[in-house]
Every structure is written in C-alpha cells, then in structure tokens.
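File shown: final21.csv. Contents: CSV, C-alpha atoms.
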```csv
chain,number,residue,atom,x,y,z
A,1,MET,CA,71.2,-20.5,-42.3
A,2,PRO,CA,68.8,-17.5,-42.2
A,3,LEU,CA,67.1,-17.0,-38.8
A,4,VAL,CA,63.3,-17.5,-38.6
A,5,GLY,CA,60.8,-17.1,-35.9
A,6,THR,CA,59.7,-19.9,-33.5
A,7,ARG,CA,56.4,-18.5,-32.1
A,8,ASN,CA,53.3,-20.6,-32.3
A,9,LEU,CA,50.4,-18.3,-33.0
A,10,SER,CA,47.6,-20.8,-32.2
A,11,ASP,CA,46.5,-18.9,-29.0
A,12,LEU,CA,46.5,-15.6,-30.8
A,13,ALA,CA,44.6,-17.0,-33.8
A,14,ALA,CA,41.9,-18.3,-31.5
A,15,GLU,CA,41.1,-14.7,-30.5
A,16,ALA,CA,41.9,-13.1,-33.8
A,17,PRO,CA,39.3,-11.2,-35.8
A,18,HIS,CA,37.4,-12.9,-38.6
A,19,LEU,CA,37.4,-11.4,-42.1
A,20,PRO,CA,34.1,-12.4,-43.8
A,21,SER,CA,35.6,-11.4,-47.2
A,22,LEU,CA,39.0,-10.5,-48.6
A,23,ASP,CA,37.5,-8.3,-51.2
A,24,VAL,CA,37.5,-4.8,-49.6
A,25,ASP,CA,37.6,-1.4,-51.2
A,26,HIS,CA,40.1,1.3,-50.2
A,27,TRP,CA,39.5,3.9,-47.4
A,28,ASP,CA,40.7,7.5,-47.4
A,29,LEU,CA,41.7,8.8,-44.0
A,30,PRO,CA,42.4,12.5,-44.3
A,31,LYS,CA,44.7,14.5,-42.0
A,32,ALA,CA,45.7,11.7,-39.7
A,33,GLN,CA,48.3,12.4,-37.0
A,34,ILE,CA,50.9,9.6,-36.7
A,35,LEU,CA,53.4,9.3,-33.9
A,36,THR,CA,56.1,6.6,-34.5
A,37,ILE,CA,58.8,5.5,-32.0
A,38,MET,CA,61.4,2.8,-32.7
A,39,TYR,CA,63.5,1.0,-30.2
A,40,GLU,CA,66.0,-1.8,-30.5
A,41,LEU,CA,64.9,-4.9,-28.8
A,42,ASP,CA,66.8,-7.3,-26.5
A,43,ASP,CA,67.8,-10.1,-28.8
A,44,ASP,CA,66.8,-12.8,-26.3
A,45,ALA,CA,63.2,-12.5,-27.7
A,46,MET,CA,64.2,-12.0,-31.3
A,47,LEU,CA,62.8,-15.3,-32.5
A,48,THR,CA,60.2,-16.0,-29.9
A,49,LEU,CA,58.0,-13.0,-30.9
A,50,ILE,CA,57.5,-13.9,-34.5
A,51,PRO,CA,56.2,-17.0,-36.3
A,52,PRO,CA,58.2,-19.4,-38.6
A,53,ALA,CA,57.1,-17.5,-41.7
A,54,LEU,CA,59.1,-14.4,-40.8
A,55,HIS,CA,62.7,-13.4,-40.4
A,56,PRO,CA,63.8,-11.1,-37.6
A,57,THR,CA,65.5,-7.8,-38.3
A,58,ILE,CA,69.1,-7.4,-37.3
A,59,PRO,CA,69.2,-5.7,-34.9
A,60,PRO,CA,65.7,-6.6,-33.6
A,61,THR,CA,63.3,-3.7,-33.2
A,62,LEU,CA,59.9,-2.7,-31.7
A,63,VAL,CA,57.9,0.0,-33.4
A,64,PHE,CA,55.3,2.0,-31.3
A,65,THR,CA,52.7,3.8,-33.5
A,66,VAL,CA,49.8,5.9,-32.3
A,67,THR,CA,47.6,7.4,-35.0
A,68,ARG,CA,44.7,9.8,-34.5
A,69,VAL,CA,42.2,9.4,-37.4
A,70,PRO,CA,39.7,12.4,-37.3
A,71,GLU,CA,37.6,11.1,-40.1
A,72,SER,CA,36.9,7.6,-41.4
A,73,PRO,CA,34.0,5.3,-42.5
A,74,ALA,CA,34.3,3.9,-38.9
A,75,GLY,CA,34.1,7.3,-37.4
A,76,PRO,CA,37.0,9.1,-35.5
A,77,TYR,CA,39.4,6.9,-33.5
A,78,VAL,CA,42.9,6.8,-32.0
A,79,LEU,CA,44.8,3.6,-32.8
A,80,ALA,CA,47.8,2.3,-30.9
A,81,GLU,CA,50.0,-0.4,-32.2
A,82,VAL,CA,53.2,-2.1,-31.0
A,83,ARG,CA,54.8,-4.1,-33.9
A,84,VAL,CA,57.8,-6.4,-34.0
A,85,GLY,CA,60.2,-5.4,-36.9
A,86,CYS,CA,60.6,-8.4,-39.2
A,87,ARG,CA,60.9,-9.4,-42.8
A,88,SER,CA,58.6,-11.4,-45.0
A,89,GLY,CA,61.0,-12.7,-47.6
A,90,ALA,CA,63.2,-9.7,-48.2
A,91,ARG,CA,60.6,-7.1,-47.4
A,92,PRO,CA,60.5,-5.2,-44.1
A,93,ARG,CA,57.3,-5.6,-42.2
A,94,GLY,CA,55.8,-5.1,-38.7
A,95,PHE,CA,54.1,-8.0,-37.0
A,96,LEU,CA,51.1,-6.9,-34.9
A,97,ALA,CA,49.8,-9.3,-32.2
A,98,ARG,CA,47.7,-6.8,-30.3
A,99,GLY,CA,46.6,-3.2,-30.7
A,100,TYR,CA,44.2,-0.8,-28.9
A,101,THR,CA,41.8,1.9,-29.9
A,102,ASP,CA,39.4,4.2,-28.1
A,103,SER,CA,36.4,3.3,-30.4
A,104,GLN,CA,34.4,0.1,-30.2
A,105,GLN,CA,33.3,0.7,-33.8
A,106,ALA,CA,36.9,0.9,-34.9
A,107,VAL,CA,37.6,-2.4,-33.0
A,108,ASP,CA,34.8,-4.1,-35.0
A,109,VAL,CA,35.3,-2.5,-38.4
A,110,LEU,CA,39.1,-2.5,-38.6
A,111,GLY,CA,39.1,-6.1,-37.4
A,112,ALA,CA,36.5,-7.3,-40.0
A,113,ARG,CA,38.1,-5.4,-42.9
A,114,TYR,CA,41.8,-5.4,-42.3
A,115,GLY,CA,42.4,-8.0,-39.6
A,116,TYR,CA,43.6,-5.6,-36.9
A,117,PRO,CA,43.6,-7.6,-33.6
A,118,LEU,CA,42.3,-4.8,-31.4
A,119,LYS,CA,40.8,-4.2,-27.9
A,120,LYS,CA,39.1,-1.0,-26.6
A,121,ALA,CA,41.1,1.2,-24.2
A,122,ALA,CA,41.7,4.8,-23.4
A,123,VAL,CA,44.2,5.9,-26.1
A,124,THR,CA,45.4,9.5,-26.2
A,125,LEU,CA,47.7,11.5,-28.5
A,126,GLU,CA,48.7,15.1,-27.5
A,127,LYS,CA,50.8,17.6,-29.5
A,128,ARG,CA,52.6,20.2,-27.3
A,129,TYR,CA,55.2,22.7,-28.3
A,130,ASP,CA,58.0,20.6,-26.8
A,131,ARG,CA,56.8,17.1,-27.3
A,132,ILE,CA,54.2,14.8,-28.8
A,133,HIS,CA,52.9,12.4,-26.1
A,134,ALA,CA,50.8,9.2,-26.3
A,135,MET,CA,49.4,6.9,-23.7
A,136,VAL,CA,47.3,3.7,-23.6
A,137,GLU,CA,45.4,2.8,-20.5
A,138,THR,CA,43.3,-0.3,-19.8
A,139,SER,CA,43.0,-1.0,-16.0
A,140,ARG,CA,46.6,0.4,-15.9
A,141,VAL,CA,48.9,2.3,-18.1
A,142,VAL,CA,50.3,-0.2,-20.7
A,143,LEU,CA,52.1,2.4,-22.9
A,144,ASP,CA,53.6,5.8,-22.4
A,145,VAL,CA,55.7,7.2,-25.2
A,146,SER,CA,56.8,10.6,-26.4
A,147,LEU,CA,58.7,12.4,-29.1
A,148,MET,CA,60.8,15.1,-27.4
A,149,ASN,CA,61.9,18.5,-29.0
A,150,PRO,CA,60.3,18.1,-32.4
A,151,GLU,CA,62.0,19.7,-35.4
A,152,PRO,CA,60.5,20.0,-38.9
A,153,VAL,CA,61.6,17.6,-41.7
A,154,SER,CA,60.3,16.6,-45.1
A,155,GLY,CA,57.7,13.9,-45.2
A,156,ASN,CA,59.8,12.2,-47.8
A,157,ASP,CA,62.3,11.5,-45.0
A,158,LEU,CA,59.8,9.1,-43.3
A,159,GLN,CA,59.2,5.5,-44.1
A,160,TYR,CA,56.6,3.3,-42.4
A,161,LEU,CA,56.4,-0.5,-42.1
A,162,SER,CA,53.6,-2.4,-43.7
A,163,ASN,CA,51.6,-4.4,-41.2
A,164,LEU,CA,51.2,-8.1,-40.8
A,165,ASN,CA,48.0,-8.6,-38.8
A,166,ILE,CA,47.0,-11.9,-37.3
A,167,ALA,CA,43.5,-12.8,-38.4
A,168,ARG,CA,41.2,-15.6,-39.5
A,169,VAL,CA,40.3,-15.5,-43.2
A,170,PRO,CA,38.1,-17.5,-45.5
A,171,ARG,CA,40.1,-20.3,-47.1
A,172,GLU,CA,39.0,-23.6,-48.9
A,173,GLY,CA,35.5,-23.5,-47.7
A,174,GLY,CA,36.4,-22.8,-44.1
A,175,GLU,CA,38.7,-20.3,-42.3
A,176,ALA,CA,42.4,-20.3,-41.5
A,177,ALA,CA,44.8,-18.2,-39.5
A,178,ARG,CA,46.8,-15.9,-41.7
A,179,LEU,CA,48.9,-12.7,-41.5
A,180,VAL,CA,47.1,-10.1,-43.5
A,181,GLN,CA,49.4,-7.5,-45.1
A,182,ILE,CA,48.2,-3.9,-44.8
A,183,ASP,CA,50.3,-1.5,-46.8
A,184,PRO,CA,48.8,2.0,-46.8
A,185,ASP,CA,49.9,5.0,-49.0
A,186,TYR,CA,50.7,8.3,-47.4
A,187,THR,CA,50.4,11.9,-48.6
A,188,PHE,CA,52.3,14.1,-46.1
A,189,HIS,CA,51.2,17.6,-45.0
A,190,SER,CA,53.9,18.0,-42.3
A,191,ALA,CA,56.5,16.0,-40.5
A,192,ASP,CA,58.8,16.3,-37.5
A,193,ARG,CA,61.6,14.3,-35.9
A,194,GLY,CA,62.8,14.3,-32.3
A,195,GLN,CA,64.2,12.2,-29.5
A,196,PRO,CA,62.3,9.1,-28.5
A,197,GLN,CA,61.2,8.6,-24.9
A,198,LEU,CA,59.6,5.4,-23.6
A,199,LYS,CA,58.3,5.5,-20.0
A,200,VAL,CA,56.0,2.6,-19.9
A,201,PHE,CA,55.7,-0.6,-22.0
A,202,ASP,CA,53.7,-3.5,-20.6
A,203,ALA,CA,54.8,-6.4,-22.9
A,204,THR,CA,52.1,-8.8,-21.6
A,205,ALA,CA,49.3,-6.4,-22.5
A,206,TRP,CA,50.6,-6.3,-26.1
A,207,GLU,CA,51.0,-10.1,-26.4
A,208,MET,CA,54.7,-9.6,-26.6
A,209,PRO,CA,56.1,-11.9,-23.9
A,210,GLY,CA,59.7,-11.3,-23.1
A,211,ALA,CA,60.0,-8.2,-25.3
A,212,ARG,CA,62.4,-5.7,-23.7
A,213,PRO,CA,63.1,-2.5,-25.6
A,214,TYR,CA,66.4,-1.0,-24.4
A,215,TYR,CA,67.9,1.4,-27.0
A,216,PRO,CA,66.1,4.3,-28.6
A,217,VAL,CA,66.5,4.6,-32.4
A,218,SER,CA,64.1,7.2,-33.8
A,219,ALA,CA,60.9,9.2,-33.3
A,220,SER,CA,58.7,10.9,-35.9
A,221,PHE,CA,55.4,12.7,-36.0
A,222,ALA,CA,53.4,13.5,-39.2
A,223,VAL,CA,50.1,14.8,-40.5
A,224,ALA,CA,49.2,12.8,-43.6
A,225,ASP,CA,46.3,11.6,-45.7
A,226,ILE,CA,46.3,7.8,-45.4
A,227,SER,CA,44.9,5.6,-48.2
A,228,MET,CA,44.0,2.1,-47.0
A,229,PRO,CA,44.3,-0.2,-50.1
A,230,ALA,CA,42.6,-3.4,-51.2
A,231,LEU,CA,44.2,-6.5,-49.6
A,232,ARG,CA,47.0,-7.9,-51.7
A,233,TYR,CA,48.9,-10.5,-49.7
A,234,LEU,CA,48.4,-13.2,-47.1
A,235,VAL,CA,51.1,-15.0,-45.2
A,236,ASP,CA,50.7,-18.5,-43.7
A,237,PRO,CA,52.4,-18.1,-40.3
A,238,ASP,CA,53.4,-21.8,-40.1
A,239,LYS,CA,55.1,-22.2,-43.4
A,240,PRO,CA,58.8,-21.3,-44.1
A,241,PRO,CA,59.3,-17.8,-45.5
A,242,LEU,CA,59.8,-18.7,-49.1
A,243,ALA,CA,56.6,-20.7,-49.2
A,244,SER,CA,54.4,-18.7,-47.0
A,245,VAL,CA,53.2,-15.7,-49.1
A,246,GLU,CA,50.0,-15.9,-51.1
A,247,ARG,CA,49.1,-13.1,-53.6
A,248,LEU,CA,45.4,-12.4,-53.7
```

What does this structure look like when you write it as structure tokens?
Amino acid sequence: MPLVGTRNLSDLAAEAPHLPSLDVDHWDLPKAQILTIMYELDDDAMLTLIPPALHPTIPPTLVFTVTRVPESPAGPYVLAEVRVGCRSGARPRGFLARGYTDSQQAVDVLGARYGYPLKKAAVTLEKRYDRIHAMVETSRVVLDVSLMNPEPVSGNDLQYLSNLNIARVPREGGEAARLVQIDPDYTFHSADRGQPQLKVFDATAWEMPGARPYYPVSASFAVADISMPALRYLVDPDKPPLASVERL
C-alpha cells in the first residue's frame, strides 16, 4: 500500500489566509535571488507532517528556501519558507505550513492572492564571496542556513518544487480549507551550487512538530525572473490522493 500522510490540518486551517477569489492574474518578479537548501528528514515524522491527500517522498525531505524579491506589485520583500517534500499523486511538491517575510504588505497580499501562510519577521539574505547566508528571527532565531563555497552552474541544472499552501478558499457558497498549488516559471540569469549548512531550525516556529533534518543533500543559489501564474489546482487535504485534486 502507498504511504499517505496522517496530519489533521484543522488547527492550521483556522489561521490560514483567506482567498477572496481564485481568479488572479500573473505577477512578474524580476531579478529575484533564491537560496534553496535540501536536507533529508528523520522518517519518524514522515507521515505526521503531511495530510492524507499527500504521499511522502522516499527518503523524506525538508526544503529551506529564502527568496529576495526586489520588485513586485506588493513592493520589495524577503520570503522564507520551509516545505516538506511530498507528492500530490505522482507529482513532486512542497507542503508549506508556515512561512515568514520581512514585509507586512507581502504577508497580506501573498496570503490573499496565493494562499501563503505567512507571518512578519526579520528575514535576511546575504551573498558573500565564500557563502550565501540566510536567517529568520522572530523573538529568537528560528532559521540559520548557508550555502558554502559557491561554484557556478547552469540554471538548467536547478529544479524547484511547486508549493502547496494551506489556505481557505471560496467553495460552494462558503469557504473551505484547501492546499493551493503555486507553480512559478523561472528564467535564470545565474546559478551556483555549494555545500549546505544548517545551524538553526526551530521546527515549532515553522509548524513542523517533530521534524528533524539530519543529512544535507543539496544547496543552490540563483538569480532569476519569476513569473507567478494564475491558479490552476486545489487539493482537498482530507481526501485520498487520487480523489483530492481539483482543476480550476
């Protein structure tokens, strides 16, 4: 039998952003800087971090992504995400339960348009000659990650997971909790790979109880134009995988 998640998302759904409409036009985000770090995850939490609509990846993974957006309809912002690697049907995805950004406008607009479940925090992304370093700080440091010893590669070597964001969406005259799929397109200007380094990860702050990253997999940094598309898919988190996907 295929493995599926066991997590009840009712607590997250109660605090999730509300999308007043599912009809959104695309955004262009030029010259964004994207740091992505992947770690294997202790498989004790493999099923408890994702809902029944999703399959875990084998091995289970966490993906740490910090993106600086210098220009957007919501103004400039730095966005930090920690996503659980998963599959919706056969497709690889990243489930986001909590993210942080340094802009309250981005909290509001990204939540209302794309369902990003965000809170405001101090989020930094620094590029140095020997590393690219990112940190998220609320009342304490909740994430500290780096790419060490960057080396240039082709942007075609990089692949990013589409998001599944927990949100409340209009459905049948009311609203319902759904995972909103966000699958941007990327046009790369430059890219680097290096060694991943994770100094701090506070699982509670990211709504990831029991998540214990233990083995580094990959680290990349890119400068790319991001195109945020119209919404195409919703996933009902409580249904089994083959019955959960709704095409808009």

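Nearest-residue note for A:Arg131: choosing from A:Val84, A:Leu110, A:Val145, A:Val66, the minimum distance belongs to A:Val145, counting only C-alpha atoms.
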
Nearest to A:Asn163: which of A:His133, A:Lys120, A:Arg98, A:Arg193 is it, counting only C-alpha atoms?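 For A:Asn163, the nearest of the given residues is A:Arg98.
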
Select, counting only C-alpha atoms, all protein, DNA and RNA residues no farther than 8 Å from (59.1, -19.0, -40.2) in file coordinates, and express the selection as a PDB file with C-alpha atoms, in the coordinates of the input.
```pdb
ATOM      1  CA  VAL A   4      63.300 -17.500 -38.600  1.00  0.00           C
ATOM      2  CA  GLY A   5      60.800 -17.100 -35.900  1.00  0.00           C
ATOM      3  CA  THR A   6      59.700 -19.900 -33.500  1.00  0.00           C
ATOM      4  CA  ILE A  50      57.500 -13.900 -34.500  1.00  0.00           C
ATOM      5  CA  PRO A  51      56.200 -17.000 -36.300  1.00  0.00           C
ATOM      6  CA  PRO A  52      58.200 -19.400 -38.600  1.00  0.00           C
ATOM      7  CA  ALA A  53      57.100 -17.500 -41.700  1.00  0.00           C
ATOM      8  CA  LEU A  54      59.100 -14.400 -40.800  1.00  0.00           C
ATOM      9  CA  HIS A  55      62.700 -13.400 -40.400  1.00  0.00           C
ATOM     10  CA  PRO A 237      52.400 -18.100 -40.300  1.00  0.00           C
ATOM     11  CA  ASP A 238      53.400 -21.800 -40.100  1.00  0.00           C
ATOM     12  CA  LYS A 239      55.100 -22.200 -43.400  1.00  0.00           C
ATOM     13  CA  PRO A 240      58.800 -21.300 -44.100  1.00  0.00           C
ATOM     14  CA  PRO A 241      59.300 -17.800 -45.500  1.00  0.00           C
TER      15      PRO A 241
END
```

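You can rank A:Ile166, A:Ile34, A:Val217, A:Ile182 by their closest distance to A:Asp11 using all atoms listed in the file, and at the top of that list sits A:Ile166.
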
Residues within 12 Å of A:Asn156, all atoms listed in the file, excluding chain neighbours under 4 positions, as a PyMOL selection string: chain A and resi 152+160+186-192+222+224

Pick from A:Arg68, A:Lys199, A:Arg232, A:Arg247 nearest to A:Leu125, counting only C-alpha atoms: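 So, comparing all the options, the nearest one is A:Arg68.
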
Please produce, as a Markdown table, a per-residue contact table for stretch 92-129 of chain A versus stretch 202-216 of chain A (criterion: any atom at most 9 Å away, all atoms listed in the file considered), showing the nearest atom pair and its distance in Å to one decimal, sorted by chain then residue number.
```
| residue | atom | partner | partner_atom | distance |
| --- | --- | --- | --- | --- |
| A:Leu96 | CA | A:Trp206 | CA | 8.8 |
| A:Ala97 | CA | A:Glu207 | CA | 6.0 |
| A:Arg98 | CA | A:Trp206 | CA | 5.1 |
| A:Gly99 | CA | A:Trp206 | CA | 6.8 |
| A:Tyr100 | CA | A:Trp206 | CA | 8.9 |
```

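Distances to A:Ala16 were evaluated for A:Pro150, A:Gly174, A:Pro196, A:Gly111 using all atoms listed in the file, and the minimum falls at A:Gly111.
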
Using only C-alpha atoms, can you tell me which of A:Val123, A:Val245, A:Val142, A:Leu147 comes closest to A:Ser88? A:Val245

When you look at A:Leu164 with a cut-off of 8 Å (counting all atoms listed in the file), what residues show up, excluding the ones that are within fewer than 5 positions of it in the same chain? I need them as a list in words.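 Counting all atoms listed in the file, the residues come to Arg93, Gly94, Phe95, Leu96, Leu179, Val180, Gln181 and Ile182 of chain A.
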
Here atom CA of A:Pro117 and atom CA of A:Pro2 stand apart by 28.4 Å

Between stretch 37-154 of chain A and stretch 21-26 of chain A, at 9 Å or less, what are the per-residue closest atom pairs and their distances in Å? Count only C-alpha atoms, order by chain and rising residue number, and return it as JSON lines.
```
{"residue": "A:Ala112", "atom": "CA", "partner": "A:Ser21", "partner_atom": "CA", "distance": 8.3}
{"residue": "A:Arg113", "atom": "CA", "partner": "A:Val24", "partner_atom": "CA", "distance": 6.8}
{"residue": "A:Tyr114", "atom": "CA", "partner": "A:Val24", "partner_atom": "CA", "distance": 8.5}
```

What gap, in Å, lies between atom CA of A:Leu19 and atom CA of A:Val169?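 So the answer is 5.1 Å.
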
To one decimal in Å, tell me the separation between atom CA of A:Glu15 and atom CA of A:Ala177.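 The value is 10.3 Å.
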
Expected residue set, 7 Å radius at (52.4, -1.8, -18.0), only C-alpha atoms, as an MDAnalysis selection string: chainID A and resid 140:143 200:202

Could you name the residues that touch A:Thr36 at 8 Å or less, counting only C-alpha atoms, but leaving out those on the same chain fewer than 2 positions away, as a PDB file with C-alpha atoms, in the frame of the given file?
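Contents of around.pdb, freshly written:
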```
ATOM      1  CA  ILE A  34      50.900   9.600 -36.700  1.00  0.00           C
ATOM      2  CA  MET A  38      61.400   2.800 -32.700  1.00  0.00           C
ATOM      3  CA  VAL A  63      57.900   0.000 -33.400  1.00  0.00           C
ATOM      4  CA  PHE A  64      55.300   2.000 -31.300  1.00  0.00           C
ATOM      5  CA  THR A  65      52.700   3.800 -33.500  1.00  0.00           C
ATOM      6  CA  VAL A  66      49.800   5.900 -32.300  1.00  0.00           C
ATOM      7  CA  ALA A 219      60.900   9.200 -33.300  1.00  0.00           C
ATOM      8  CA  SER A 220      58.700  10.900 -35.900  1.00  0.00           C
ATOM      9  CA  PHE A 221      55.400  12.700 -36.000  1.00  0.00           C
TER      10      PHE A 221
END
```
